[in-house]
Structure formats: C-alpha cells, structure tokens
Amino acid sequence: MKFAIIVFPGSNRDEDARHVATHVLGQSAELVYHKDADLHGADAVILPGGFSYGDYLRTGAIARFSPVMGAVRAFAERGGPVVGICNGFQILIEAGLLPGALLRNRDLKFVCEFVHLRVEQTDTPFTRLAQPGQVLRMPVAHGEGNFFAEPDVLRSLEANRQVIFRYTDAAGRATDAANPNGSVHAIAGICNAARNVVGLMPHPEDACEAALGSTDGRVLFESIVATVAAGAAARPRPAVVTAATPRV
Amino acid sequence: MRARVFVTLKPSVFDPQGKTIQDALHTLGYAGVHDVRQGKYFELDLAAGSADAARALAAEVADKLLANPVIESYRIEVE
C-alpha cells in the first residue's frame, strides 16, 4: 500500500513517518507537498508533526487553507483513512475534520517525554490490531496539546465512542499525574463520527524501533496497513482522488 | 477604513497564560488585580466604503481565520 505524508512549511516529523512506512513496515510512501492538489493515488494519509507555518495565529490555523487540504477532505469524506499526529491533529481540528480544540498546555510547559496511552476503541483504521485497554508507551512533544471541548461536544464524543486514546499511567489508570497537558477526560486522541479520521498528540512514529526506546507505536501503523488490505479485498481499487474545492 | 479586532478566549475556556500573568502581578504586590485574560489584537486596513461594510468584512475574516469559534470570541471597533 501507499502512504501520502503531507508536508507543510514547518513540518518536521514527515521523514520520521516516511521512515516508519518504508523501512519499518516495508510499504511505499510519498511526501506530498502542501501546494499539491491531489494525493498521488495514496491509500492512507498521514498529517505529520511539526510547526506548520511557525504555529502563527493558532497551531494548525494557516495549514488548513493549504491547497492539499481540499484533497485530504475529499479523501476523508470518501472514507479514506486519515491520521493526524501532533501538529497534524491540530490541523485536522482547525480544518473541522475533528471536533474540539487544542489549547496551551495546562502548566504552559512544552512537554517532551514518554507517556502512556490506553487504547479505548479498536474499530478505527489506526487501532484495529490493538487490544482494547492495551497500554502503549510513546513520546509526546508539544506546547499546545490540551484537548478541550464544550460539555455537549464532550458528551457526544464519549457517547459515540470517539475517544480513541487516553493518557494513563503504566498500569492503565487515568490519573491527573499521568496527564501531561491537562486534556479534559485525559483525552490523547479522538476519531470523527465516521471513524476513518483519527488524530492524536503523542508520536507513535517515534516509537517503532527498539533503538528509540519503544516499539509500541508499530501496531498503530500496522493497523492502517491491515485496514487498507481488508478494504482492497472487499472492493475494487478506488479511482484517483482529485481535489475538491477547499471549504473555507 | 480601519478596523481593530480583539480576540479573547471564551469565559468557559481556561487561560493558563492569563493566570500566570495574574500570579506574577500578585507576586509584584498588585493584589487588586483580580483576573487577567490574555488575547490577540489585529489592526486591519480594509477596502470598504462605509463603517458597516468595514465591520461586516472584519467579522467575516474573524469568523474564517482570526478567531477559532470553538474557544474564542471577538469584538470589532471601526474607525
């Protein structure tokens, strides 16, 4: 299968994602520049971490208007798997592809450390090979990862099982001390209502090889490969995705 | 026409920067500063024929880009 990894000005984890897709998983991957209007026939899209547009105005606020986002939106609306990691999560939220907002961390500190995540739901393209309740260890590196949503939005996220990952301790308990940024309900990652668009603040792409201290991120990327393989078996390969007019 | 747009976090949204500034002011002895909310300020130079048109244009760009309606609200002044 083929990953499209979107490169915005200021993306800096794009090569990490490509390394995992190609060297760790043995799949094909293409870096797609933000000015491109299509996804070059990719089967899954990764919006990588970084500081797109220098985090000017708000994190992800400018990147959502990039030409490629029209193609990403069209791909997502057709059910294609889209994953936003860290800044990619912030962009998906600003683009309205995921609900809520990501605020400045509770204690204003840029957090750069290993955390634990509990897998809450496994019926998404990013978690289908994980076990419910499985605790994964991987790093975070962000200043604005404090997930926020108004109470009614939060209720619907929980009721619809859209909270995919929560910050926990190593034993899977969601304690305040295990929450690195003050996210409401310890939310580390969510999906959309259709469950094909997933965003999370931690960096699974930096936890796929033992040399990096953890291989727990691998199952998430392997889940995408399995999802695409299952989809390819179930239906003919979709037509080439073309850009829709960006919604502004 | 010129418009000024003031963007602030909604009252329901915690503002850690404002709280940190408030704490610093208390450390400096300004106990009378009860609350601080930090926001963003934009000066727009607009091609608009009237104050109403300028206000409408400023509101449109605030809705689309300057403010995130999930967490922020804004106020516009036109001159």
# chains A, B, ... in the order shown; residues from 1 in each chain; ligands from 1
$ residues_around --residues "range 197-209 of chain A" --least-positions-apart "6" --cutoff "9 Å" --atoms "only C-alpha atoms" --output "PyMOL selection string"
chain A and resi 13+16-21+24+49+76+79-90+92-93+97-98+114-115+117+124-126+137-142+145+164-165+187-191+215-221
$ closest_atom_pairs --of "chain A" --to "chain B" --cutoff "9 Å" --atoms "only C-alpha atoms" --output "Markdown table"
| residue | atom | partner | partner_atom | distance |
| --- | --- | --- | --- | --- |
| A:Leu57 | CA | B:Leu66 | CA | 7.3 |
| A:Arg58 | CA | B:Asn68 | CA | 8.5 |
| A:Ala61 | CA | B:Leu65 | CA | 7.2 |
| A:Ile62 | CA | B:Leu65 | CA | 8.0 |
| A:Glu94 | CA | B:Asn68 | CA | 7.8 |
| A:Pro99 | CA | B:Val70 | CA | 8.8 |
| A:Gly100 | CA | B:Val70 | CA | 6.7 |
| A:Ala101 | CA | B:Val70 | CA | 6.6 |
| A:Leu103 | CA | B:Ile71 | CA | 8.6 |
| A:Arg104 | CA | B:Pro16 | CA | 7.3 |
| A:Asn105 | CA | B:Pro16 | CA | 7.8 |
| A:Arg106 | CA | B:Pro16 | CA | 6.1 |
| A:Asp107 | CA | B:Pro16 | CA | 6.8 |
| A:Leu108 | CA | B:Pro16 | CA | 6.6 |
| A:Phe148 | CA | B:Val13 | CA | 8.2 |
| A:Ala149 | CA | B:Val70 | CA | 7.6 |
| A:Glu150 | CA | B:Val70 | CA | 7.9 |
| A:Val248 | CA | B:Lys64 | CA | 6.8 |
$ closest_residue --among "B:Glu60, B:Ala54, B:Arg37, B:Glu43" --to "Leu9 in chain B" --atoms "only C-alpha atoms"
B:Arg37
$ select_by_dssp --residues "range 7-202 of chain A" --states "helix (DSSP H, G or I)" --output "ChimeraX atom specification"
/A:14-24,52-55,63-65,68-77,87-94,151-159,184-186
$ residues_around --residues "His40 in chain A" --least-positions-apart "3" --cutoff "12 Å" --atoms "only C-alpha atoms" --output "list in words"
Lys2, Phe3, Ala4, Ile5, Ile6, Ser28, Ala29, Glu30, Leu31, Val32, Tyr33, Asp36, Ala37, Asp43, Ala44, Val45, Val68, Ala71, Val72, Phe75, Ala239, Val240, Val241, Thr242 and Ala243 of chain A
$ write_last_selection --atoms "N, CA, C and O atoms" --output "CSV table (one decimal), in the first residue's frame"
chain,number,residue,atom,x,y,z
A,2,LYS,N,0.2,2.4,-0.2
A,2,LYS,CA,1.0,3.6,-0.3
A,2,LYS,C,0.4,4.7,0.6
A,2,LYS,O,-0.8,5.0,0.7
A,3,PHE,N,1.4,5.2,1.4
A,3,PHE,CA,1.0,6.3,2.3
A,3,PHE,C,1.3,7.7,1.6
A,3,PHE,O,2.3,7.8,0.9
A,4,ALA,N,0.5,8.7,1.8
A,4,ALA,CA,0.8,10.0,1.5
A,4,ALA,C,1.1,10.8,2.8
A,4,ALA,O,0.3,10.7,3.7
A,5,ILE,N,2.3,11.4,2.9
A,5,ILE,CA,2.7,12.1,4.1
A,5,ILE,C,2.7,13.6,3.7
A,5,ILE,O,3.5,14.0,2.8
A,6,ILE,N,1.8,14.4,4.2
A,6,ILE,CA,1.7,15.8,3.8
A,6,ILE,C,2.8,16.6,4.4
A,6,ILE,O,3.0,16.6,5.6
A,28,SER,N,5.1,1.5,0.7
A,28,SER,CA,5.6,2.7,-0.1
A,28,SER,C,5.0,3.9,0.5
A,28,SER,O,3.9,3.9,1.2
A,29,ALA,N,5.7,5.0,0.4
A,29,ALA,CA,5.2,6.3,1.0
A,29,ALA,C,5.7,7.5,0.1
A,29,ALA,O,6.8,7.4,-0.5
A,30,GLU,N,4.9,8.5,0.0
A,30,GLU,CA,5.4,9.6,-0.8
A,30,GLU,C,5.1,10.9,0.0
A,30,GLU,O,4.0,11.0,0.6
A,31,LEU,N,6.1,11.8,0.0
A,31,LEU,CA,5.9,13.1,0.7
A,31,LEU,C,5.1,13.9,-0.3
A,31,LEU,O,5.5,14.1,-1.5
A,32,VAL,N,4.0,14.4,0.1
A,32,VAL,CA,3.1,15.3,-0.8
A,32,VAL,C,3.2,16.7,-0.3
A,32,VAL,O,2.8,17.0,0.9
A,33,TYR,N,3.6,17.6,-1.1
A,33,TYR,CA,3.8,19.0,-0.7
A,33,TYR,C,2.4,19.7,-0.5
A,33,TYR,O,1.5,19.3,-1.3
A,36,ASP,N,0.3,20.8,-3.5
A,36,ASP,CA,-0.3,19.8,-4.4
A,36,ASP,C,-1.8,19.7,-4.2
A,36,ASP,O,-2.3,19.9,-3.1
A,37,ALA,N,-2.5,19.5,-5.3
A,37,ALA,CA,-4.0,19.4,-5.2
A,37,ALA,C,-4.5,18.0,-5.2
A,37,ALA,O,-5.7,17.8,-5.2
A,43,ASP,N,-3.3,5.4,-0.5
A,43,ASP,CA,-4.3,4.6,0.2
A,43,ASP,C,-4.6,5.1,1.6
A,43,ASP,O,-5.7,4.7,2.2
A,44,ALA,N,-3.7,5.9,2.2
A,44,ALA,CA,-3.9,6.4,3.5
A,44,ALA,C,-3.1,7.7,3.6
A,44,ALA,O,-2.0,7.9,2.9
A,45,VAL,N,-3.5,8.6,4.4
A,45,VAL,CA,-2.9,9.9,4.5
A,45,VAL,C,-2.4,10.1,6.0
A,45,VAL,O,-3.1,9.8,6.9
A,68,VAL,N,-3.6,21.3,-0.6
A,68,VAL,CA,-3.7,19.9,-0.4
A,68,VAL,C,-4.9,19.5,0.5
A,68,VAL,O,-5.4,18.4,0.5
A,71,ALA,N,-7.9,18.1,-1.1
A,71,ALA,CA,-7.8,16.7,-1.4
A,71,ALA,C,-7.9,15.8,-0.2
A,71,ALA,O,-8.6,14.7,-0.3
A,72,VAL,N,-7.3,16.2,0.9
A,72,VAL,CA,-7.4,15.4,2.1
A,72,VAL,C,-8.9,15.3,2.6
A,72,VAL,O,-9.4,14.3,3.0
A,75,PHE,N,-10.8,13.0,0.3
A,75,PHE,CA,-10.4,11.6,0.6
A,75,PHE,C,-11.0,11.1,1.9
A,75,PHE,O,-11.6,10.0,2.0
A,239,ALA,N,-11.0,5.1,-7.6
A,239,ALA,CA,-10.5,6.0,-8.7
A,239,ALA,C,-9.5,7.0,-8.0
A,239,ALA,O,-9.5,7.2,-6.8
A,240,VAL,N,-8.7,7.5,-8.9
A,240,VAL,CA,-7.7,8.5,-8.4
A,240,VAL,C,-8.5,9.7,-7.7
A,240,VAL,O,-9.4,10.2,-8.2
A,241,VAL,N,-8.0,10.1,-6.5
A,241,VAL,CA,-8.6,11.1,-5.8
A,241,VAL,C,-8.2,12.5,-6.4
A,241,VAL,O,-7.1,12.7,-6.6
A,242,THR,N,-9.2,13.3,-6.7
A,242,THR,CA,-8.9,14.6,-7.2
A,242,THR,C,-9.4,15.7,-6.1
A,242,THR,O,-10.2,15.4,-5.3
A,243,ALA,N,-8.8,16.8,-6.2
A,243,ALA,CA,-9.1,17.9,-5.2
A,243,ALA,C,-10.5,18.4,-5.4
A,243,ALA,O,-11.0,18.7,-6.4
$ atom_distance --atom1 "CA of Gln121 in chain A" --atom2 "CA of Asp152 in chain A"
20.6 Å
$ residues_around --residues "Leu46 in chain B" --least-positions-apart "3" --cutoff "9 Å" --atoms "only C-alpha atoms" --output "list in words"
Met1, Arg2, Ala3, Ala54, Leu57 and Ala58 of chain B
$ residues_around --residues "range 166-174 of chain A" --least-positions-apart "2" --cutoff "9 Å" --atoms "only C-alpha atoms" --output "list in words"
Val115, His116, Leu117, Arg118, Val119, Glu120, Gly133, Gln134, Val135, Leu136, Arg137, Val163, Ile164, Asp176, Ala177, Ala178, Asn179, Pro180, Ser183, His185, Ala186, Ile187, Ala188 and Gly189 of chain A
$ decode --residues "range 98-177 of chain A" --atoms "C-alpha atoms" --output "PDB file, in the first residue's frame"
ATOM      1  CA  LEU A  98     -12.248  16.529  14.019  1.00  0.00           C
ATOM      2  CA  PRO A  99     -14.173  18.291  16.821  1.00  0.00           C
ATOM      3  CA  GLY A 100     -12.861  20.278  19.797  1.00  0.00           C
ATOM      4  CA  ALA A 101      -9.777  22.437  20.204  1.00  0.00           C
ATOM      5  CA  LEU A 102      -6.188  22.061  21.426  1.00  0.00           C
ATOM      6  CA  LEU A 103      -5.190  24.698  23.972  1.00  0.00           C
ATOM      7  CA  ARG A 104      -1.893  25.740  25.504  1.00  0.00           C
ATOM      8  CA  ASN A 105      -0.719  23.063  27.956  1.00  0.00           C
ATOM      9  CA  ARG A 106      -2.153  23.446  31.456  1.00  0.00           C
ATOM     10  CA  ASP A 107       1.179  24.457  33.030  1.00  0.00           C
ATOM     11  CA  LEU A 108       2.440  26.344  29.927  1.00  0.00           C
ATOM     12  CA  LYS A 109       5.378  23.956  29.624  1.00  0.00           C
ATOM     13  CA  PHE A 110       6.425  22.375  26.343  1.00  0.00           C
ATOM     14  CA  VAL A 111       6.212  18.698  27.312  1.00  0.00           C
ATOM     15  CA  CYS A 112       8.818  16.380  25.783  1.00  0.00           C
ATOM     16  CA  GLU A 113       8.724  12.996  27.485  1.00  0.00           C
ATOM     17  CA  PHE A 114       7.496   9.421  27.253  1.00  0.00           C
ATOM     18  CA  VAL A 115       3.853   8.926  28.249  1.00  0.00           C
ATOM     19  CA  HIS A 116       1.435   6.004  28.405  1.00  0.00           C
ATOM     20  CA  LEU A 117      -1.755   5.798  26.376  1.00  0.00           C
ATOM     21  CA  ARG A 118      -4.645   3.432  26.848  1.00  0.00           C
ATOM     22  CA  VAL A 119      -6.348   2.201  23.685  1.00  0.00           C
ATOM     23  CA  GLU A 120     -10.043   2.884  24.230  1.00  0.00           C
ATOM     24  CA  GLN A 121     -11.508   1.781  20.891  1.00  0.00           C
ATOM     25  CA  THR A 122     -10.255  -0.654  18.286  1.00  0.00           C
ATOM     26  CA  ASP A 123     -12.737  -0.104  15.458  1.00  0.00           C
ATOM     27  CA  THR A 124     -10.688   2.569  13.694  1.00  0.00           C
ATOM     28  CA  PRO A 125      -8.117   2.168  10.903  1.00  0.00           C
ATOM     29  CA  PHE A 126      -5.424   3.219  13.377  1.00  0.00           C
ATOM     30  CA  THR A 127      -6.250   0.776  16.188  1.00  0.00           C
ATOM     31  CA  ARG A 128      -7.795  -2.330  14.631  1.00  0.00           C
ATOM     32  CA  LEU A 129      -4.841  -4.579  15.532  1.00  0.00           C
ATOM     33  CA  ALA A 130      -4.530  -3.208  19.090  1.00  0.00           C
ATOM     34  CA  GLN A 131      -6.244  -4.764  22.096  1.00  0.00           C
ATOM     35  CA  PRO A 132      -8.959  -2.823  23.945  1.00  0.00           C
ATOM     36  CA  GLY A 133      -7.360  -1.412  27.092  1.00  0.00           C
ATOM     37  CA  GLN A 134      -3.827  -2.032  25.792  1.00  0.00           C
ATOM     38  CA  VAL A 135      -1.343   0.458  27.249  1.00  0.00           C
ATOM     39  CA  LEU A 136       1.172   1.898  24.771  1.00  0.00           C
ATOM     40  CA  ARG A 137       4.327   3.811  25.644  1.00  0.00           C
ATOM     41  CA  MET A 138       5.451   6.584  23.306  1.00  0.00           C
ATOM     42  CA  PRO A 139       6.758  10.168  23.434  1.00  0.00           C
ATOM     43  CA  VAL A 140       4.909  13.466  23.368  1.00  0.00           C
ATOM     44  CA  ALA A 141       6.491  16.752  22.249  1.00  0.00           C
ATOM     45  CA  HIS A 142       4.116  19.697  22.217  1.00  0.00           C
ATOM     46  CA  GLY A 143       3.196  23.019  23.770  1.00  0.00           C
ATOM     47  CA  GLU A 144      -0.457  23.025  22.715  1.00  0.00           C
ATOM     48  CA  GLY A 145      -1.972  19.612  23.310  1.00  0.00           C
ATOM     49  CA  ASN A 146      -4.510  20.379  25.992  1.00  0.00           C
ATOM     50  CA  PHE A 147      -7.664  18.942  24.422  1.00  0.00           C
ATOM     51  CA  PHE A 148     -10.790  20.980  25.072  1.00  0.00           C
ATOM     52  CA  ALA A 149     -14.423  20.643  24.030  1.00  0.00           C
ATOM     53  CA  GLU A 150     -17.611  22.216  25.328  1.00  0.00           C
ATOM     54  CA  PRO A 151     -19.598  19.873  27.637  1.00  0.00           C
ATOM     55  CA  ASP A 152     -22.182  18.928  24.989  1.00  0.00           C
ATOM     56  CA  VAL A 153     -19.444  18.082  22.448  1.00  0.00           C
ATOM     57  CA  LEU A 154     -17.594  16.089  25.102  1.00  0.00           C
ATOM     58  CA  ARG A 155     -20.734  14.134  25.949  1.00  0.00           C
ATOM     59  CA  SER A 156     -21.299  13.239  22.314  1.00  0.00           C
ATOM     60  CA  LEU A 157     -17.622  12.237  21.867  1.00  0.00           C
ATOM     61  CA  GLU A 158     -17.915   9.836  24.796  1.00  0.00           C
ATOM     62  CA  ALA A 159     -21.383   8.563  23.832  1.00  0.00           C
ATOM     63  CA  ASN A 160     -20.250   7.851  20.264  1.00  0.00           C
ATOM     64  CA  ARG A 161     -17.012   6.162  21.466  1.00  0.00           C
ATOM     65  CA  GLN A 162     -14.871   8.712  19.610  1.00  0.00           C
ATOM     66  CA  VAL A 163     -12.227   8.915  22.344  1.00  0.00           C
ATOM     67  CA  ILE A 164      -9.587   6.526  20.989  1.00  0.00           C
ATOM     68  CA  PHE A 165      -6.669   7.129  23.377  1.00  0.00           C
ATOM     69  CA  ARG A 166      -6.426   8.397  26.961  1.00  0.00           C
ATOM     70  CA  TYR A 167      -3.316   9.369  28.940  1.00  0.00           C
ATOM     71  CA  THR A 168      -2.799   6.864  31.753  1.00  0.00           C
ATOM     72  CA  ASP A 169      -0.033   5.546  33.963  1.00  0.00           C
ATOM     73  CA  ALA A 170       1.804   2.343  33.045  1.00  0.00           C
ATOM     74  CA  ALA A 171      -0.970   0.317  34.677  1.00  0.00           C
ATOM     75  CA  GLY A 172      -3.661   1.956  32.547  1.00  0.00           C
ATOM     76  CA  ARG A 173      -5.087   4.242  35.229  1.00  0.00           C
ATOM     77  CA  ALA A 174      -6.091   7.742  34.078  1.00  0.00           C
ATOM     78  CA  THR A 175      -4.615   9.755  36.932  1.00  0.00           C
ATOM     79  CA  ASP A 176      -4.051  13.506  36.964  1.00  0.00           C
ATOM     80  CA  ALA A 177      -0.289  12.953  37.296  1.00  0.00           C
TER      81      ALA A 177
END
